[in-house]
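Engineer: Below is the structure I would like to discuss, written out as structure tokens.
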Amino acid sequence: MTPAYRDAYSRINALVIVGEGLADSHFRLLAGLLPEDRDDLMRLAAMEGHHARDFSGCGRQLGIRPDLPLARRLFAPLHRLFREAVRSGDRVSALVIQCLIVESFAVAAYRCYQPVADPFAAPIIQAVLTDEAEHLEYGGRWLAAWFPEVAAPIAACCERALPIVLAMLQSVRDDLTAIGIDPTDVVGEFVACFQAAIETVGFEPRQARGLVARLAGRAAQAA
């Protein structure tokens, strides 16, 4: 609990809280786009809201105030893309952003945080990981049912959204290091998780690797 740790934790904790809160909102919006799945999506939204409250409690337990304004700024571009998809009735892009990209981001971050988590946070992270796997599975199952018709829209959405997530990770590299997480591990875990997700949808492994590697390379050049 050095000053450097507390400072970094205030930003990482905020990123988690805001991300879970937006996921709650996104699933509620998806329920409007997919009325046939409304009950399931509202249940997933409630789970995300519960996660946000749990992670707020992690910060309070350590006496740390999360930097919520910064986290909202970091998530804003991805949230805008999601809202654009909802406004245009683009169910494919909305599902890709929330159920594949955001959920892969969450799973990667929590897997890498788990080994260095404090005793209060550790069981919360384990429970949340189980929930996030279900959310990933929902999006993958829906998109797989429409594959290959949705292949091109999925790739187009990834072109816009994946670089945003990779840029977010780049912006908190120092904070991740300060709380004991190797940023390279988080990026690697995210890439692996997302690649597995789009393979589940129907992309061939070679296609999935190529898409992710190209976008990751573009993000690295921009950084």
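Naming works like this for the structure tokens: A, B, ... for the chains as they're shown, residue 1 at the start of each chain, ligands 1 onward in shown order.
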I want to know what sits within 8 Å of A:Ile12, based on only C-alpha atoms, with residues of the same chain fewer than 2 positions away left out; could you give that as a VMD selection string?

Structural biologist: chain A and resid 8 to 10 14 to 16 66 172 175 to 176

Engineer: For atom CA of A:Phe194 and atom CA of A:Ser104, determine how far apart the two atoms are, in Å to one decimal place.

Structural biologist: 5.5 Å

Engineer: Could you name the residues that touch A:Pro69 at 12 Å or less, counting only C-alpha atoms, but leaving out those on the same chain fewer than 4 positions away, as a list in words?

Structural biologist: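 The neighbour list is Ser10, Arg11, Ala14, Leu15, Ile17, Val18, Arg65, Arg73, Leu74, Phe75 and Ala76 of chain A.
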
Engineer: Would you save the residues from that selection as a short mmCIF file (atom, residue, chain, number, x, y, z; two decimals), in the first residue's frame, using C-alpha atoms?

Structural biologist:
data_model
loop_
_atom_site.label_atom_id
_atom_site.label_comp_id
_atom_site.auth_asym_id
_atom_site.auth_seq_id
_atom_site.Cartn_x
_atom_site.Cartn_y
_atom_site.Cartn_z
CA SER A 10 -7.27 4.47 -8.03
CA ARG A 11 -7.15 4.42 -11.83
CA ALA A 14 -12.03 3.09 -11.66
CA LEU A 15 -11.52 1.44 -15.06
CA ILE A 17 -16.00 -0.02 -12.07
CA VAL A 18 -16.81 2.08 -15.14
CA ARG A 65 -11.08 6.77 -4.16
CA ARG A 73 -12.85 9.38 -20.70
CA LEU A 74 -10.92 6.21 -21.55
CA PHE A 75 -14.09 4.21 -22.20
CA ALA A 76 -15.87 7.02 -24.08
#

Engineer: Find, counting only C-alpha atoms, the residue in A:Val102, A:Val201, A:Ile97, A:Val212 that gets nearest to A:Pro148.

Structural biologist: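 Distance minimum relative to A:Pro148 lands on A:Val201.
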
Engineer: Taking the backbone alone, and naming residues the way the document does, which bits of stretch 13-174 of chain A are alpha helix (DSSP H) by DSSP, as a PyMOL selection string?

Structural biologist: chain A and resi 13-33+38-61+68-87+91-95+103-113+121-145+151-171+173-174

Engineer: Compare A:Ser88, A:Gln98, A:Asn13, A:Ser25 by their minimum atom-to-atom distance to A:Gly57, counting only C-alpha atoms, and give me the closest one.

Structural biologist: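 Distance minimum relative to A:Gly57 lands on A:Asn13.
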
Engineer: Would you list the contacts of A:Pro123 as a CSV table (one decimal) with C-alpha atoms, in the first residue's frame, taking every protein, DNA or RNA residue within 12 Å and counting only C-alpha atoms, but skipping same-chain residues closer than 2 positions in sequence?

Structural biologist:
chain,number,residue,atom,x,y,z
A,54,ASP,CA,-18.4,-5.4,-5.8
A,55,PHE,CA,-15.4,-3.6,-7.3
A,58,CYS,CA,-12.8,-3.4,-3.2
A,110,TYR,CA,-9.2,-10.3,-14.2
A,113,TYR,CA,-5.0,-9.5,-11.7
A,114,GLN,CA,-6.1,-12.6,-9.8
A,115,PRO,CA,-2.5,-13.7,-8.8
A,117,ALA,CA,-5.2,-9.5,-5.8
A,118,ASP,CA,-5.6,-8.6,-2.1
A,119,PRO,CA,-7.5,-11.1,0.0
A,120,PHE,CA,-10.8,-9.1,-0.2
A,121,ALA,CA,-10.8,-8.9,-4.0
A,125,ILE,CA,-12.6,-11.8,-9.1
A,126,GLN,CA,-13.1,-15.5,-9.2
A,127,ALA,CA,-16.9,-15.2,-9.2
A,128,VAL,CA,-16.8,-12.4,-11.8
A,129,LEU,CA,-14.7,-14.5,-14.1
A,130,THR,CA,-17.3,-17.2,-14.1

Engineer: So, with only C-alpha atoms as the atoms that count, which of A:Ala133, A:Leu211, A:Ala144, A:Val107 lies closest to A:Cys158?

Structural biologist: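 Nearest candidate to A:Cys158 out of A:Ala133, A:Leu211, A:Ala144, A:Val107: A:Leu211.
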
Engineer: At what distance in Å, to one decimal, does atom CA of A:Ile181 lie from atom CA of A:Ala167?

Structural biologist: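 One can read the atom CA of A:Ala167 to atom CA of A:Ile181 distance as 17.1 Å.
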
Engineer: Find the residues near stretch 82-84 of chain A: any atom within 9 Å, counting only C-alpha atoms, skip ones fewer than 4 places away on the same chain, and give them as a list in words.

Structural biologist: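 Listing them by chain and then by number gives His26, Leu29, Pro77, Leu78, Ser88, Gly89, Asp90, Ser93, Ala94, Leu95, Ile97 and Gln98 of chain A.
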
Engineer: Taking 4 positions as the minimum chain separation for residues in the same chain, which residues sit within 8 Å of A:Leu166 when counting only C-alpha atoms? Answer as number ranges by chain.

Structural biologist: A: 162, 170, 187, 216, 219

Engineer: For A:Asp24, which residue out of A:Leu215, A:Val86, A:Ala46, A:Ile64 is the nearest one, using only C-alpha atoms?

Structural biologist: A:Ala46

Engineer: Record the distance separating atom CA of A:Val186 and atom CA of A:Glu20, expressed in Å with one decimal.

Structural biologist: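 Going from atom CA of A:Val186 over to atom CA of A:Glu20, I get 17.6 Å.
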